[in-house]
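Peer 1: Would you mind keeping the following structure in view while I ask a few things?
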Number of protein chains: 2
Amino acid sequence: MLPGFLLLTDTTNLILGKEKETRPTSLTDLAKQLGLSVSGVSRALNNDSRISAATKQRVQELARQMNYQPNHLAAGLRKGKSKLLGVIVPYIDGRFFAVVIKGIELAASQAGFNVIICQSNEDVVHERQNIETLLSAQVEGILVSLSRSTHDFAHFEKVQQRGIPLVFFDRILLGTEVNAVLLNDYAGGFLSTEHLIGQGCRRIGHFAGPQHLGIYKHRRQGYLDALQKHGLLVAEDLIVYCDIMTLDTGKQAMQQLLQLPERPDAIFSSSDAAVAGALQVVEEHGLQVPNDLALVGFSNEMFTSLTKPMLTSVDQRCEQMGEAAVRLFLQLRQEKGSAPPQHVVLEPELCVRASSLRAT
Amino acid sequence: MLPGFLLLTDTTNLILGKEKETRPTSLTDLAKQLGLSVSGVSRALNNDSRISAATKQRVQELARQMNYQPNHLAAGLRKGKSKLLGVIVPYIDGRFFAVVIKGIELAASQAGFNVIICQSNEDVVHERQNIETLLSAQVEGILVSLSRSTHDFAHFEKVQQRGIPLVFFDRILLGTEVNAVLLNDYAGGFLSTEHLIGQGCRRIGHFAGPQHLGIYKHRRQGYLDALQKHGLLVAEDLIVYCDIMTLDTGKQAMQQLLQLPERPDAIFSSSDAAVAGALQVVEEHGLQVPNDLALVGFSNEMFTSLTKPMLTSVDQRCEQMGEAAVRLFLQLRQEKGSAPPQHVVLEPELCVRASSLRAT
DNA sequence: CTGAAAGCGCTAACAA
DNA sequence: TTGTTAGCGCTTTCAG
C-alpha cells in the first residue's frame with residue numbers, strides 16, 4: 001500500500017465544531033428578544049414600506065447578530081411559492097446539457113430561484129417519475145429536454161393542469177404545441193452543407209439521427225435543401241441513419257459509405273462524436289481530410305479543437321439556451337398561462353476549422 | 001369551494017390545457033370526500049401499521065383518482081426535514097464535476113432526496129452566498145467542492161453549528177479536519193510516474209497545479225516520490241507550475257521545457273487539457289510522441305481517446321465519488337455528528353494509451 | 001383502529 | 001406605525 005494517505009490528514013487545527021447543536025433562529029425568537037410581534041419583525045426584514053426606519057434598523061441588527069436565516073420552506077408553504085425551479089435532462093454529463101444547465105442555474109439564481117436537477121437517463125419511465133418528484137417538491141416551473149424514449153405527452157398534462165409553467169428545450173416532440181427554446185437546427189444543416197459546397201464538395205454524405213426527434217429531422221432537412229438549392233442531386237445511399245450517435249456508430253457509418261462505388265467527398269454529421277469516429281476511419285483508409293474528404297460535425301464539443309485536423313462544427317449556443325429557457329419560464333409565470341405557446345429560436349454558428357477547409 | 005375536481009377525471013385530449021386552473025388536491029380534500037379525518041388519511045398514505053387494510057385501500061384508490069400529490073414543503077416544515085440535498089461546485093460544465101453530479105443525483109434520488117445545484121464560479125464570494133441560499137432552502141446536507149479562491153473556512157462553520165452534515169469532495173483545504181471524499185491523488189502521481197519510468201523515461205517533467213489545493217500538491221508529491229524510489233534525480237527546472245490548467249497553459253509550459261538545454265523525455269501533467277496542449281507543441285517541434293517524449297495526463301477526459309496518439313490518463317472515479325459523497329452524508333445524518341471527521345479515499349486507475357506506450 | 005387538536009415558521013388580511 | 005389572528009398542508013402527540 002502506498003504511503004500517501006498520511007499526507008491527506010496532516011496538520012490539524014481542529015476546526016470541526018461539535019460544541020453546541022443550535023436550532024436555527026426563527027422570527028419568533030427575534031420577536032421575543034425585541035419585544036415586538038412576529039409580523040412586525042417579518043415586515044422589517046422584508047423592508048415593508050410602513051415600518052419605521054428605526055425599528056428596521058434594530059431588527060436587522062439583531063437578525064445579523066443572532067445569525068437569522070429565513071426559512072424558505074415555511075415562506076413557500078404560506079405563499080404558495082417555493083422559489084424552486086425543476087429541470088429534467090436525459091443525462092447531465094456530456095457538454096451540451098452541462099452547459100445548458102450552467103446557463104439555467106445562472107439565470108435562475110439571478111431571479112432568486114433554486115434549481116433542482118433530475119436525470120431521466122433517456123428513459124420515459126424515469127421521466128414520469130421525475131415529474132412526480134418535482135411536483136411534490138412544489139416547483140414553480142419545469143424545464144425539460146425529452147428523453148429519447150418519450151413518445152407521448154400524458155405525463156406533462158398533469159403539469160399543465162396545475163398551471164405550472166412548462167418549458168421544453170432542444171428536444172421536443174413533433175406535432176405538439178408547447179413552449180420551447182430551440183436551436184435552428186435547420187439552419188445548422190443548411191449552413192454546414194452550403195459551406196461544404198462552397199469548398200468544392202459535390203458528393204456530400206450525411207449521418208442522420210433518429211427522425212422522430214425534431215433536431216435530427218431538421219438538420220437533415222437543412223442538408224437536403226442546401227443540396228437542392230445548389231442543384232446537387234440527393235442520393236439516399238449517401239445518408240446513413242444512426243439510432244444513437246457515438247464514436248462507434250460514426251465509424252460504422254463511415255465504413256459503409258466508403259464501400260460505395262462512388263465514395264462521398266464530404267460528410268455532414270449530426271454529431272461530433274460520430275464525425276470523430278469517421279475521421280479515424282477515413283485516415284485508416286489512407287484518405288486525406290479535408291482534401292479527399294471534408295468533415296463537419298454538430299455541437300462544437302470541446303474535443304473538436306483537439307483532433308487533427310481540428311473539426312468544423314455547429315455551435316448550439318448551449319448557455320444562451322439555458323438562459324432563454326429561464327427567461328421564457330419567468331415570462332409565462334407573469335402571464336398566468338393566458339398566452340399561446342411560443343418557440344424561442346436561437347441561431348447556430350458554424351465554427352469552421354481545418355477538417356472542412358480545403359486548400360484553394 | 002371549487003367544483004373543479006370532477007374535471008380531473010375528464011378525458012382531455014387537448015394538449016395545451018388552459019381550461020381550468022385546478023388547485024392541487026390536499027389531504028383535507030381527500031378526507032372530506034371519504035368522510036375521514038386528515039390524520040387518518042395521512043396515516044393511510046404513509047402506510048401506518050395501525051390502520052385497517054380496507055381503509056388504506058379506499059384512501060389510496062381515491063388518492064390516485066384525484067391525482068393527489070403530497071406537498072413536500074408542508075411535510076418538510078412539519079418534520080424539520082426537507083429531503084433536499086445541496087451541492088456546491090466551482091462550475092458544472094467540464095466532465096469531472098458533471099459526472100460527479102451524475103453520481104450524486106443518482107444516489108440521492110435513490111435515498112429520496114432532491115438535489116439543489118449551485119455554482120461558485122471559482123469565487124469564494126459566490127460560495128458564501130451559495131451557503132446562505134442552501135441554508136435558507138433548509139437542505140439537510142451540503143456537499144462541496146471548494147472554489148479555487150477559497151482560503152478560509154468561516155462560512156462553513158455556520159453549517160456545522162446548525163448540525164447540518166457537510167461533506168467535501170475532491171477539493172478540500174489543507175490543514176482542516178473535515179468529512180471528505182477524495183481521490184488518492186498521490187497514488188495517481190506515483191503510478192503515472194512509475195509507469196513512465198517503466199517505459200524507459202529518465203527525464204520526466206511535471207505540469208503542477210496550484211499547490212494550496214491538496215489535489216495538485218499530492219499529485220506532485222507522488223511524482224517526486226516515484227522518481228526518488230527509482231533513484232532518479234529531481235530537477236526543479238523540469239517542474240512547471242501553472243496557475244490554471246488549460247490547453248494554452250499546457251502549450252506554454254511545454255514550450256518552456258523544450259527550451260531547456262536538456263529537454264525532458266516525458267511529461268506527467270496534472271491535467272488532460274494541458275497535456276493536450278503539450279502534444280500539439282511537441283509535434284510542432286518535430287518530435288514523436290511517445291518515443292521522443294511520452295505523455296501522461298490526469299482526469300481521463302473524453303477527448304483523451306480522440307487525440308492522435310491517444311492520451312494516457314488517470315481516471316478519477318468521478319461517478320463513484322459522487323455516490324460516496326452521498327453515502328457519507330447519509331451516514332453522518334444517522335450519527336448525529338458524534339463521530340470524528342473521516343476521509344473516504346478512492347483509488348485512481350491509470351488508463352494506459354498510446355501517448356506513453358513506447359515500442360519495445 | 002380512528003379522531004381532535006396542536007403546531008412547524010412564515011405571511012397577510014384586518015384591526016387598532 | 002404596529003399587533004392580532006388565521007392559516008398554508010402536513011405530521012404527531014394524546015384521547016378515545
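By order in the C-alpha cells, chains are A, B, ...; within a chain, residues start at 1; ligands start at 1, following the order shown.
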Quote the C-alpha RMSD, in Å to one decimal, that results from superposing chain A on chain B by least squares across all C-alpha atoms in order.

Peer 2: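 The fitted C-alpha deviation between chain B and chain A is 6.4 Å.
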
Peer 1: Which polymer residues have any atom within 9 Å of an atom of Thr193 of chain B, counting only C-alpha atoms (C1' of nucleotides), with same-chain residues fewer than 6 positions away left out, as a PyMOL selection string?

Peer 2: chain B and resi 204+222-224+226-227+267-268+296

Peer 1: Please identify the strand (DSSP E or B) residues within segment 224-314 of chain A (assignment by DSSP from backbone atoms) and present them as a PyMOL selection string.

Peer 2: chain A and resi 239-241+266-269+294-298+312-314

Peer 1: I want to know what sits within 9 Å of Ile104 of chain A, based on only C-alpha atoms (C1' of nucleotides), with residues of the same chain fewer than 6 positions away left out; could you give that as a PyMOL selection string?

Peer 2: chain A and resi 87+115+319-326

Peer 1: Between atom CA of Val89 of chain A and atom CA of Ser109 of chain A, what distance in Å does the model show, to one decimal?

Peer 2: 18.6 Å

Peer 1: Tell me the residues of chain A close to chain C, meaning within 8 Å using only C-alpha atoms (C1' of nucleotides), as a list of chain:residue names.

Peer 2: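 Every residue of chain A that passes the 8 Å test is in A:Ser26, A:Leu27, A:Ser39, A:Ser42, A:Asn71, A:Ala74, A:Ala75, A:Arg78, A:Lys79.
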
Peer 1: Output N, CA and C atoms of each residue in that selection to a file, as an mmCIF file, in the first residue's frame.

Peer 2:
```
data_model
loop_
_atom_site.group_PDB
_atom_site.id
_atom_site.type_symbol
_atom_site.label_atom_id
_atom_site.label_comp_id
_atom_site.auth_asym_id
_atom_site.auth_seq_id
_atom_site.Cartn_x
_atom_site.Cartn_y
_atom_site.Cartn_z
ATOM 1 N N SER A 26 -35.523 31.656 14.728
ATOM 2 C CA SER A 26 -36.759 31.903 13.982
ATOM 3 C C SER A 26 -37.235 33.333 14.209
ATOM 4 N N LEU A 27 -38.196 33.735 13.440
ATOM 5 C CA LEU A 27 -38.792 35.056 13.618
ATOM 6 C C LEU A 27 -39.294 35.234 15.035
ATOM 7 N N SER A 39 -45.063 39.486 13.166
ATOM 8 C CA SER A 39 -45.377 40.135 11.889
ATOM 9 C C SER A 39 -44.560 41.406 11.727
ATOM 10 N N SER A 42 -41.200 40.303 10.684
ATOM 11 C CA SER A 42 -41.282 39.853 9.294
ATOM 12 C C SER A 42 -41.257 41.049 8.354
ATOM 13 N N ASN A 71 -36.508 30.898 6.631
ATOM 14 C CA ASN A 71 -36.890 29.533 6.264
ATOM 15 C C ASN A 71 -37.773 29.564 5.024
ATOM 16 N N ALA A 74 -41.060 27.414 4.938
ATOM 17 C CA ALA A 74 -42.224 27.995 5.602
ATOM 18 C C ALA A 74 -42.835 29.103 4.761
ATOM 19 N N ALA A 75 -41.978 30.007 4.296
ATOM 20 C CA ALA A 75 -42.473 31.096 3.461
ATOM 21 C C ALA A 75 -43.158 30.537 2.221
ATOM 22 N N ARG A 78 -46.573 29.092 2.947
ATOM 23 C CA ARG A 78 -47.543 30.146 3.180
ATOM 24 C C ARG A 78 -47.958 30.844 1.875
ATOM 25 N N LYS A 79 -46.947 31.201 1.087
ATOM 26 C CA LYS A 79 -47.221 31.992 -0.111
ATOM 27 C C LYS A 79 -47.599 31.152 -1.330
#
```

Peer 1: Can you tell me, as a count of residues only, what residues are no more than 6 Å from Pro309 of chain A when counting only C-alpha atoms (C1' of nucleotides), ignoring any on the same chain fewer than 2 positions away?

Peer 2: 3
